[in-house]
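Chemist: This one is protein.cif, mmCIF, C-alpha atoms.
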```cif
data_work
#
loop_
_atom_site.label_atom_id
_atom_site.label_comp_id
_atom_site.auth_asym_id
_atom_site.auth_seq_id
_atom_site.Cartn_x
_atom_site.Cartn_y
_atom_site.Cartn_z
CA MET Z 215 44.18 21.81 -70.16
CA ASN Z 216 42.19 19.48 -72.39
CA GLY Z 217 42.62 19.18 -76.15
CA ALA Z 218 40.23 22.04 -76.96
CA ALA Z 219 41.64 25.30 -78.28
CA PRO Z 220 42.24 27.79 -75.45
CA LEU Z 221 39.90 30.74 -75.08
CA ILE Z 222 42.88 32.97 -74.20
CA ASP Z 223 46.29 32.26 -75.69
CA ALA Z 224 49.14 34.64 -74.81
CA ILE Z 225 52.17 33.94 -77.00
CA HIS Z 226 55.61 35.28 -76.04
CA VAL Z 227 54.16 38.51 -74.66
CA SER Z 228 56.59 41.22 -73.52
CA LYS Z 229 55.83 44.72 -72.28
CA SER Z 230 58.40 47.43 -71.56
CA PHE Z 231 58.00 51.04 -70.54
CA VAL Z 232 60.43 53.83 -71.37
CA VAL Z 233 61.44 55.49 -68.11
CA ASP Z 234 64.22 57.78 -69.36
CA SER Z 235 64.69 59.08 -72.90
CA SER Z 236 66.24 62.38 -71.90
CA PRO Z 237 68.37 64.48 -74.30
CA LEU Z 238 71.36 63.77 -72.06
CA ARG Z 239 71.09 60.05 -72.75
CA ARG Z 240 70.79 60.72 -76.46
CA LEU Z 241 73.84 63.00 -76.40
CA ARG Z 242 75.78 60.20 -74.75
CA GLY Z 243 74.64 57.79 -77.45
CA LEU Z 244 72.67 55.72 -74.96
CA PRO Z 245 69.36 54.04 -75.83
CA PRO Z 246 66.23 54.96 -73.82
CA LEU Z 247 66.17 53.39 -70.37
CA GLN Z 248 63.37 50.81 -70.19
CA LEU Z 249 61.52 48.99 -67.45
CA HIS Z 250 60.91 45.39 -68.52
CA ALA Z 251 57.59 44.57 -66.84
CA VAL Z 252 56.66 41.40 -68.75
CA ARG Z 253 59.20 39.23 -70.55
CA ASP Z 254 58.39 36.47 -73.05
CA LEU Z 255 55.26 35.29 -71.22
CA SER Z 256 53.17 32.50 -72.75
CA LEU Z 257 49.97 31.39 -71.02
CA GLN Z 258 46.82 29.58 -72.09
CA VAL Z 259 43.44 29.71 -70.36
CA ALA Z 260 40.67 27.29 -71.32
CA ARG Z 261 37.02 28.25 -71.54
CA GLY Z 262 35.36 28.07 -68.11
CA GLU Z 263 38.71 27.74 -66.30
CA THR Z 264 40.19 29.83 -63.50
CA VAL Z 265 43.95 30.32 -63.71
CA GLY Z 266 45.71 32.02 -60.81
CA LEU Z 267 48.63 34.32 -61.64
CA VAL Z 268 50.76 34.82 -58.55
CA GLY Z 269 53.97 36.56 -57.52
CA GLU Z 270 55.20 39.36 -55.29
CA SER Z 271 54.48 43.03 -55.95
CA GLY Z 272 56.36 44.37 -58.95
CA CYS Z 273 56.62 41.06 -60.80
CA GLY Z 274 54.45 42.22 -63.74
CA LYS Z 275 51.13 40.47 -62.96
CA THR Z 276 48.97 43.58 -63.27
CA THR Z 277 50.81 44.75 -66.40
CA PHE Z 278 50.00 41.46 -68.10
CA GLY Z 279 46.38 41.69 -66.98
CA ARG Z 280 46.12 45.18 -68.43
CA CYS Z 281 47.53 43.93 -71.72
CA LEU Z 282 44.78 41.30 -71.71
CA VAL Z 283 42.04 43.94 -71.41
CA ARG Z 284 43.82 46.17 -73.96
CA LEU Z 285 44.75 48.95 -71.56
CA TYR Z 286 48.36 48.34 -72.65
CA ARG Z 287 49.60 47.15 -76.02
CA PRO Z 288 52.37 44.54 -75.70
CA SER Z 289 55.81 45.54 -76.92
CA SER Z 290 56.00 42.17 -78.65
CA GLY Z 291 54.06 38.92 -78.85
CA GLN Z 292 50.38 38.19 -79.37
CA ILE Z 293 47.28 37.69 -77.25
CA LEU Z 294 44.57 35.63 -78.93
CA HIS Z 295 40.92 35.47 -77.88
CA ASN Z 296 39.06 32.66 -79.62
CA GLY Z 297 42.01 32.42 -81.97
CA VAL Z 298 41.90 36.11 -83.01
CA ASP Z 299 44.57 38.68 -82.08
CA ILE Z 300 42.85 41.13 -79.72
CA PHE Z 301 44.87 44.02 -81.17
CA SER Z 302 43.77 43.34 -84.75
CA PRO Z 303 40.71 45.25 -86.09
CA ALA Z 304 38.51 42.16 -85.82
CA GLY Z 305 39.88 41.16 -82.44
CA GLU Z 306 39.51 44.67 -81.07
CA ARG Z 307 35.76 44.63 -81.65
CA SER Z 308 35.42 41.19 -80.08
CA ALA Z 309 37.64 41.80 -77.05
CA ARG Z 310 36.09 45.16 -76.19
CA GLY Z 311 33.03 43.42 -74.73
CA SER Z 312 34.30 39.89 -74.20
CA ILE Z 313 37.19 40.62 -71.82
CA GLN Z 314 36.54 42.74 -68.72
CA MET Z 315 38.47 43.58 -65.54
CA ILE Z 316 37.64 43.79 -61.85
CA PHE Z 317 40.11 46.18 -60.22
CA GLN Z 318 41.88 45.93 -56.88
CA ASP Z 319 40.52 49.05 -55.20
CA PRO Z 320 36.71 49.01 -55.24
CA TYR Z 321 36.57 52.69 -54.32
CA SER Z 322 38.99 54.36 -56.72
CA SER Z 323 37.73 52.22 -59.63
CA LEU Z 324 34.23 53.75 -59.28
CA ASN Z 325 33.38 57.34 -60.22
CA PRO Z 326 32.53 59.04 -56.89
CA ARG Z 327 30.17 61.46 -58.68
CA LEU Z 328 27.94 58.71 -60.10
CA THR Z 329 25.38 56.60 -58.28
CA VAL Z 330 25.41 52.83 -58.66
CA ARG Z 331 22.53 53.13 -61.13
CA GLN Z 332 24.43 55.68 -63.22
CA THR Z 333 27.67 53.69 -63.12
CA ILE Z 334 26.10 50.49 -64.44
CA GLY Z 335 23.56 52.28 -66.63
CA GLU Z 336 26.28 54.16 -68.49
CA VAL Z 337 27.90 50.85 -69.48
CA LEU Z 338 24.54 49.45 -70.62
CA ARG Z 339 23.77 52.48 -72.77
CA VAL Z 340 27.22 52.83 -74.35
CA LYS Z 341 28.22 49.18 -74.72
CA ARG Z 342 24.87 47.37 -75.02
CA GLY Z 343 22.78 50.07 -76.68
CA LEU Z 344 19.98 49.92 -74.10
CA ALA Z 345 17.76 52.88 -73.26
CA GLY Z 346 14.92 53.95 -70.98
CA GLY Z 347 13.18 51.27 -68.96
CA ALA Z 348 15.44 48.54 -70.37
CA VAL Z 349 18.39 50.12 -68.57
CA ALA Z 350 16.57 50.27 -65.22
CA THR Z 351 15.41 46.67 -65.57
CA ARG Z 352 18.87 45.39 -66.42
CA VAL Z 353 20.51 47.37 -63.58
CA ALA Z 354 18.11 45.74 -61.13
CA GLU Z 355 18.87 42.30 -62.58
CA LEU Z 356 22.62 42.83 -62.29
CA LEU Z 357 22.40 44.06 -58.69
CA ASN Z 358 20.33 41.02 -57.77
CA GLN Z 359 22.85 38.79 -59.55
CA VAL Z 360 25.72 40.06 -57.36
CA GLY Z 361 23.69 39.99 -54.14
CA LEU Z 362 22.92 43.70 -53.71
CA ALA Z 363 19.55 45.12 -52.66
CA PRO Z 364 17.71 47.24 -55.30
CA GLU Z 365 17.61 50.30 -53.01
CA LEU Z 366 21.42 50.56 -53.22
CA ALA Z 367 21.09 51.65 -56.85
CA ASP Z 368 20.72 55.31 -55.90
CA ARG Z 369 23.67 55.43 -53.50
CA PHE Z 370 27.11 56.86 -54.22
CA PRO Z 371 30.31 54.80 -53.71
CA ASN Z 372 31.12 56.57 -50.41
CA GLN Z 373 27.79 55.33 -49.02
CA LEU Z 374 28.73 51.69 -49.59
CA SER Z 375 30.99 49.27 -47.74
CA GLY Z 376 34.11 47.88 -49.41
CA GLY Z 377 32.40 44.59 -50.16
CA GLN Z 378 29.38 46.35 -51.66
CA ARG Z 379 31.60 48.52 -53.83
CA GLN Z 380 33.43 45.47 -55.15
CA ARG Z 381 30.08 43.83 -55.97
CA VAL Z 382 29.18 46.96 -57.95
CA GLY Z 383 32.49 46.55 -59.81
CA ILE Z 384 31.57 42.96 -60.58
CA ALA Z 385 28.09 44.00 -61.77
CA ARG Z 386 29.66 46.64 -64.03
CA ALA Z 387 31.96 44.01 -65.56
CA LEU Z 388 29.01 41.65 -66.10
CA ALA Z 389 26.96 44.39 -67.79
CA VAL Z 390 28.66 43.83 -71.15
CA GLU Z 391 28.20 40.04 -70.90
CA PRO Z 392 31.88 39.06 -71.10
CA ASP Z 393 33.24 35.53 -71.33
CA VAL Z 394 36.60 36.42 -69.70
CA ILE Z 395 37.14 38.46 -66.54
CA VAL Z 396 40.57 39.52 -65.29
CA CYS Z 397 40.40 39.78 -61.48
CA ASP Z 398 43.30 42.03 -60.48
CA GLU Z 399 43.81 41.51 -56.74
CA ALA Z 400 40.01 41.66 -56.59
CA VAL Z 401 39.75 40.78 -52.89
CA SER Z 402 43.06 42.00 -51.43
CA ALA Z 403 41.58 45.31 -50.21
CA LEU Z 404 38.71 43.60 -48.37
CA ASP Z 405 38.37 42.20 -44.86
CA VAL Z 406 38.96 38.44 -44.62
CA SER Z 407 35.29 37.61 -44.02
CA VAL Z 408 34.24 39.76 -46.97
CA GLN Z 409 36.94 38.17 -49.13
CA ALA Z 410 35.29 34.77 -48.68
CA GLN Z 411 31.89 36.18 -49.65
CA VAL Z 412 33.24 37.78 -52.83
CA LEU Z 413 35.20 34.64 -53.79
CA ASN Z 414 32.08 32.53 -53.35
CA LEU Z 415 30.14 35.03 -55.48
CA LEU Z 416 32.75 34.82 -58.24
CA MET Z 417 32.61 31.02 -58.23
CA ARG Z 418 28.79 31.03 -58.32
CA LEU Z 419 28.79 33.45 -61.25
CA GLN Z 420 31.30 31.27 -63.06
CA ASP Z 421 29.01 28.25 -62.70
CA GLU Z 422 25.91 30.20 -63.77
CA LEU Z 423 27.42 32.17 -66.66
CA GLY Z 424 30.28 29.96 -67.83
CA LEU Z 425 32.86 32.66 -67.12
CA THR Z 426 36.61 32.30 -67.52
CA TYR Z 427 38.87 33.99 -64.95
CA LEU Z 428 42.47 35.09 -64.84
CA PHE Z 429 42.82 35.62 -61.10
CA ILE Z 430 45.79 37.84 -60.26
CA ALA Z 431 46.89 37.71 -56.62
CA HIS Z 432 49.86 37.60 -54.29
CA ASN Z 433 47.99 35.52 -51.68
CA LEU Z 434 48.38 31.83 -52.51
CA GLY Z 435 45.67 30.87 -50.02
CA VAL Z 436 43.10 32.88 -51.98
CA VAL Z 437 44.35 31.43 -55.27
CA ARG Z 438 44.03 27.89 -53.90
CA HIS Z 439 40.40 28.58 -52.99
CA ILE Z 440 39.30 29.71 -56.45
CA SER Z 441 41.79 28.40 -59.04
CA LYS Z 442 42.36 25.04 -60.69
CA ARG Z 443 45.69 25.96 -62.26
CA VAL Z 444 48.30 28.43 -61.11
CA ALA Z 445 51.11 30.25 -62.91
CA VAL Z 446 53.96 31.67 -60.81
CA MET Z 447 55.58 34.86 -62.05
CA TYR Z 448 58.93 36.34 -61.07
CA LEU Z 449 60.46 39.55 -62.44
CA GLY Z 450 58.29 39.53 -65.55
CA ARG Z 451 58.70 35.84 -66.41
CA LEU Z 452 56.69 32.73 -65.69
CA VAL Z 453 58.78 30.30 -63.65
CA GLU Z 454 56.24 27.53 -63.01
CA GLN Z 455 52.79 26.38 -64.14
CA SER Z 456 50.96 23.64 -62.30
CA ASP Z 457 47.70 22.27 -61.03
CA VAL Z 458 47.13 24.26 -57.85
CA GLU Z 459 47.06 21.21 -55.56
CA ASP Z 460 50.28 19.85 -57.08
CA LEU Z 461 51.94 23.19 -56.41
CA PHE Z 462 50.90 23.14 -52.76
CA ARG Z 463 51.96 19.53 -52.33
CA GLU Z 464 55.33 19.83 -54.07
CA PRO Z 465 56.44 23.18 -55.54
CA LEU Z 466 59.23 22.69 -58.07
CA HIS Z 467 60.77 26.11 -58.60
CA PRO Z 468 62.71 27.51 -55.63
CA TYR Z 469 60.72 30.75 -55.87
CA SER Z 470 57.42 28.83 -55.68
CA ARG Z 471 58.71 27.15 -52.52
CA ALA Z 472 59.55 30.55 -51.05
CA LEU Z 473 56.05 31.85 -51.77
CA LEU Z 474 54.52 28.87 -49.99
CA GLN Z 475 56.85 29.26 -47.02
CA ALA Z 476 55.78 32.90 -46.76
CA MET Z 477 52.07 32.07 -46.48
CA PRO Z 478 50.53 33.14 -43.13
CA VAL Z 479 50.12 30.25 -40.69
CA LEU Z 480 49.36 29.94 -37.00
CA ASP Z 481 53.08 29.51 -36.34
CA THR Z 482 54.17 32.99 -37.43
CA ARG Z 483 57.91 32.51 -37.15
CA ARG Z 484 58.03 33.10 -40.91
CA ARG Z 485 55.99 36.21 -41.49
CA SER Z 486 56.94 37.42 -44.95
CA LEU Z 487 58.66 36.60 -48.21
CA ASP Z 488 61.75 38.38 -46.87
CA ASP Z 489 62.02 35.62 -44.25
CA ALA Z 490 61.59 32.86 -46.82
CA VAL Z 491 64.02 34.04 -49.52
CA ALA Z 492 67.28 35.96 -49.27
CA GLY Z 493 67.88 39.32 -50.87
CA ASP Z 494 65.67 41.90 -52.56
CA LEU Z 495 63.71 41.72 -55.79
CA PRO Z 496 66.09 42.94 -58.55
CA SER Z 497 65.12 46.02 -60.54
CA PRO Z 498 63.08 45.33 -63.69
CA ILE Z 499 65.05 48.20 -65.26
CA ALA Z 500 68.31 46.25 -64.92
CA PRO Z 501 67.36 42.57 -64.47
CA PRO Z 502 70.21 40.16 -63.73
CA PRO Z 503 71.62 38.03 -66.56
CA GLY Z 504 70.73 34.37 -66.75
CA CYS Z 505 67.95 33.07 -64.52
CA PRO Z 506 66.26 36.12 -62.97
CA PHE Z 507 66.00 34.33 -59.61
CA HIS Z 508 69.62 33.24 -59.34
CA PRO Z 509 70.80 36.11 -57.05
CA ARG Z 510 68.31 34.91 -54.39
CA CYS Z 511 68.28 31.16 -55.12
CA PRO Z 512 69.86 28.74 -52.62
CA HIS Z 513 70.43 26.23 -55.46
CA ALA Z 514 72.03 28.58 -58.02
CA MET Z 515 74.68 26.97 -60.24
CA PRO Z 516 77.23 28.67 -62.54
CA ARG Z 517 74.92 27.94 -65.48
CA CYS Z 518 72.13 29.91 -63.81
CA ARG Z 519 74.21 33.09 -63.91
CA GLU Z 520 74.72 32.87 -67.67
CA GLU Z 521 71.66 31.21 -69.25
CA THR Z 522 67.95 31.93 -68.93
CA PRO Z 523 66.05 28.67 -68.39
CA ALA Z 524 63.08 28.11 -70.67
CA LEU Z 525 59.67 27.08 -69.34
CA LEU Z 526 59.83 23.37 -70.13
CA PRO Z 527 57.75 20.27 -69.28
CA ALA Z 528 58.31 18.76 -65.83
CA PRO Z 529 56.77 15.74 -64.06
CA ALA Z 530 52.98 15.38 -63.72
CA GLY Z 531 52.12 17.62 -66.67
CA ARG Z 532 53.71 20.71 -65.14
CA THR Z 533 56.15 23.23 -66.59
CA VAL Z 534 59.05 24.88 -64.80
CA ALA Z 535 61.85 27.28 -65.74
CA CYS Z 536 64.68 25.85 -63.64
CA PHE Z 537 67.86 24.01 -64.57
CA LEU Z 538 67.32 21.66 -61.61
CA TYR Z 539 64.68 19.94 -63.76
CA HIS Z 540 66.27 20.36 -67.22
CA ARG Z 541 68.27 17.38 -68.31
#
```
Write out the structure in this file as structure tokens.
Modeler:
Amino acid sequence: MNGAAPLIDAIHVSKSFVVDSSPLRRLRGLPPLQLHAVRDLSLQVARGETVGLVGESGCGKTTFGRCLVRLYRPSSGQILHNGVDIFSPAGERSARGSIQMIFQDPYSSLNPRLTVRQTIGEVLRVKRGLAGGAVATRVAELLNQVGLAPELADRFPNQLSGGQRQRVGIARALAVEPDVIVCDEAVSALDVSVQAQVLNLLMRLQDELGLTYLFIAHNLGVVRHISKRVAVMYLGRLVEQSDVEDLFREPLHPYSRALLQAMPVLDTRRRSLDDAVAGDLPSPIAPPPGCPFHPRCPHAMPRCREETPALLPAPAGRTVACFLYHR
């Protein structure tokens, strides 16, 4: 990042969910059982930048994204938008229109009872205060902006292809004129050829509108295509932040290396993350002490089992949470 203040600044954000607060636990004198989805996460995103947030399923990526769009309130920490806490009264008003989300499933995220025109028009009336002919004009403009024909406005979601539905989701997000869009696995449910089209659309819209993206994904190949920086997440914590090309050339954290080794290639001898890293992802309800990756790490030291490494500066302007690089 340059010296300018970040547009999004997440500061030591944690989010936990109570999964068991039964009377039996209380009778035993036990505290509520909690799932620790996000733990002490700090991340900055500059205006006009795309930051990829990657990690395997269950690592907390989507939970953090939902905190960013105020669907969840963090258990602790702050998220600033233009320097204002998005959960303060002033920040709430600003973030409501300025930060939007594109969801993973382009079918379930749309109301099946509403046409495309009604879906986008509802946002324009409620959030932008438009009415009558102004709504119809703006709906047509938004459909054109995302590459959809005007006649699709009167179709229902089940009459559209997956790619068309995701473009409707993008148009709906653009309707409130945001400056930040959280893309939560926005292309993972699409065919590969359609993925490329939607990624190119997102990049074009970023150039035209000056948008800022947090691009959540598990596919590093997709992240490399659209992102400049990448943050790697494991069991609720960030373990590495880097320029995306530096990460592909020389990943520092052992988990980042495992993710790269698990990427699909023509030689499919390594087909999944299970082949690239030993063991299973620990439970976020009972995370291991010390470094969360140490039970699966081939380089684990005694220190790793007792201390949690901080995310500290590493060579080439990167940060990594690994004692291999802490001196």
Chemist: Run the PyMOL selection byres ((chain Z and resi 254) around 6) on the file and write out the hits as a list in words.
Modeler: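 When the PyMOL selection byres ((chain Z and resi 254) around 6) is applied, the selected residues are His226, Val227, Ser228, Arg253 and Leu255 of chain Z.
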Chemist: So what do you get for CA of Leu452 in chain Z versus CA of Pro392 in chain Z, distance-wise?
Modeler: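 Pair CA of Leu452 in chain Z / CA of Pro392 in chain Z returns 26.2 Å.
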Chemist: Mind pulling up the distance from CA of Pro501 in chain Z to CA of Met515 in chain Z?
Modeler: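 For CA of Met515 in chain Z relative to CA of Pro501 in chain Z, the distance reads 17.7 Å.
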Chemist: Pick out the residues sitting within 10 Å of Ile499 in chain Z, and hand them over as a PyMOL selection string; count only C-alpha atoms, and ignore anything fewer than 4 positions along from it in its own chain.
Modeler: chain Z and resi 230-233+247-251
Chemist: For Val340 in chain Z, which residue among Z:Pro237, Z:Pro320, Z:Gly361, Z:Gly311 is the nearest when counting all atoms listed in the file?
Modeler: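 Under the stated criterion, the closest residue is Z:Gly311.
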Chemist: Name all residues at most 8 Å from Cys518 in chain Z (count only C-alpha atoms; drop same-chain ones fewer than 5 positions away) and give them as a ChimeraX atom specification.
Modeler: /Z:504-505,508,523,537
Chemist: How would the residues just chosen look if you wrote them out with C-alpha atoms as a tab-separated table (two decimals), in the coordinates of the input?
Modeler:
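Output saved as part34.tsv:
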```tsv
chain	number	residue	atom	x	y	z
Z	504	GLY	CA	70.73	34.37	-66.75
Z	505	CYS	CA	67.95	33.07	-64.52
Z	508	HIS	CA	69.62	33.24	-59.34
Z	523	PRO	CA	66.05	28.67	-68.39
Z	537	PHE	CA	67.86	24.01	-64.57
```
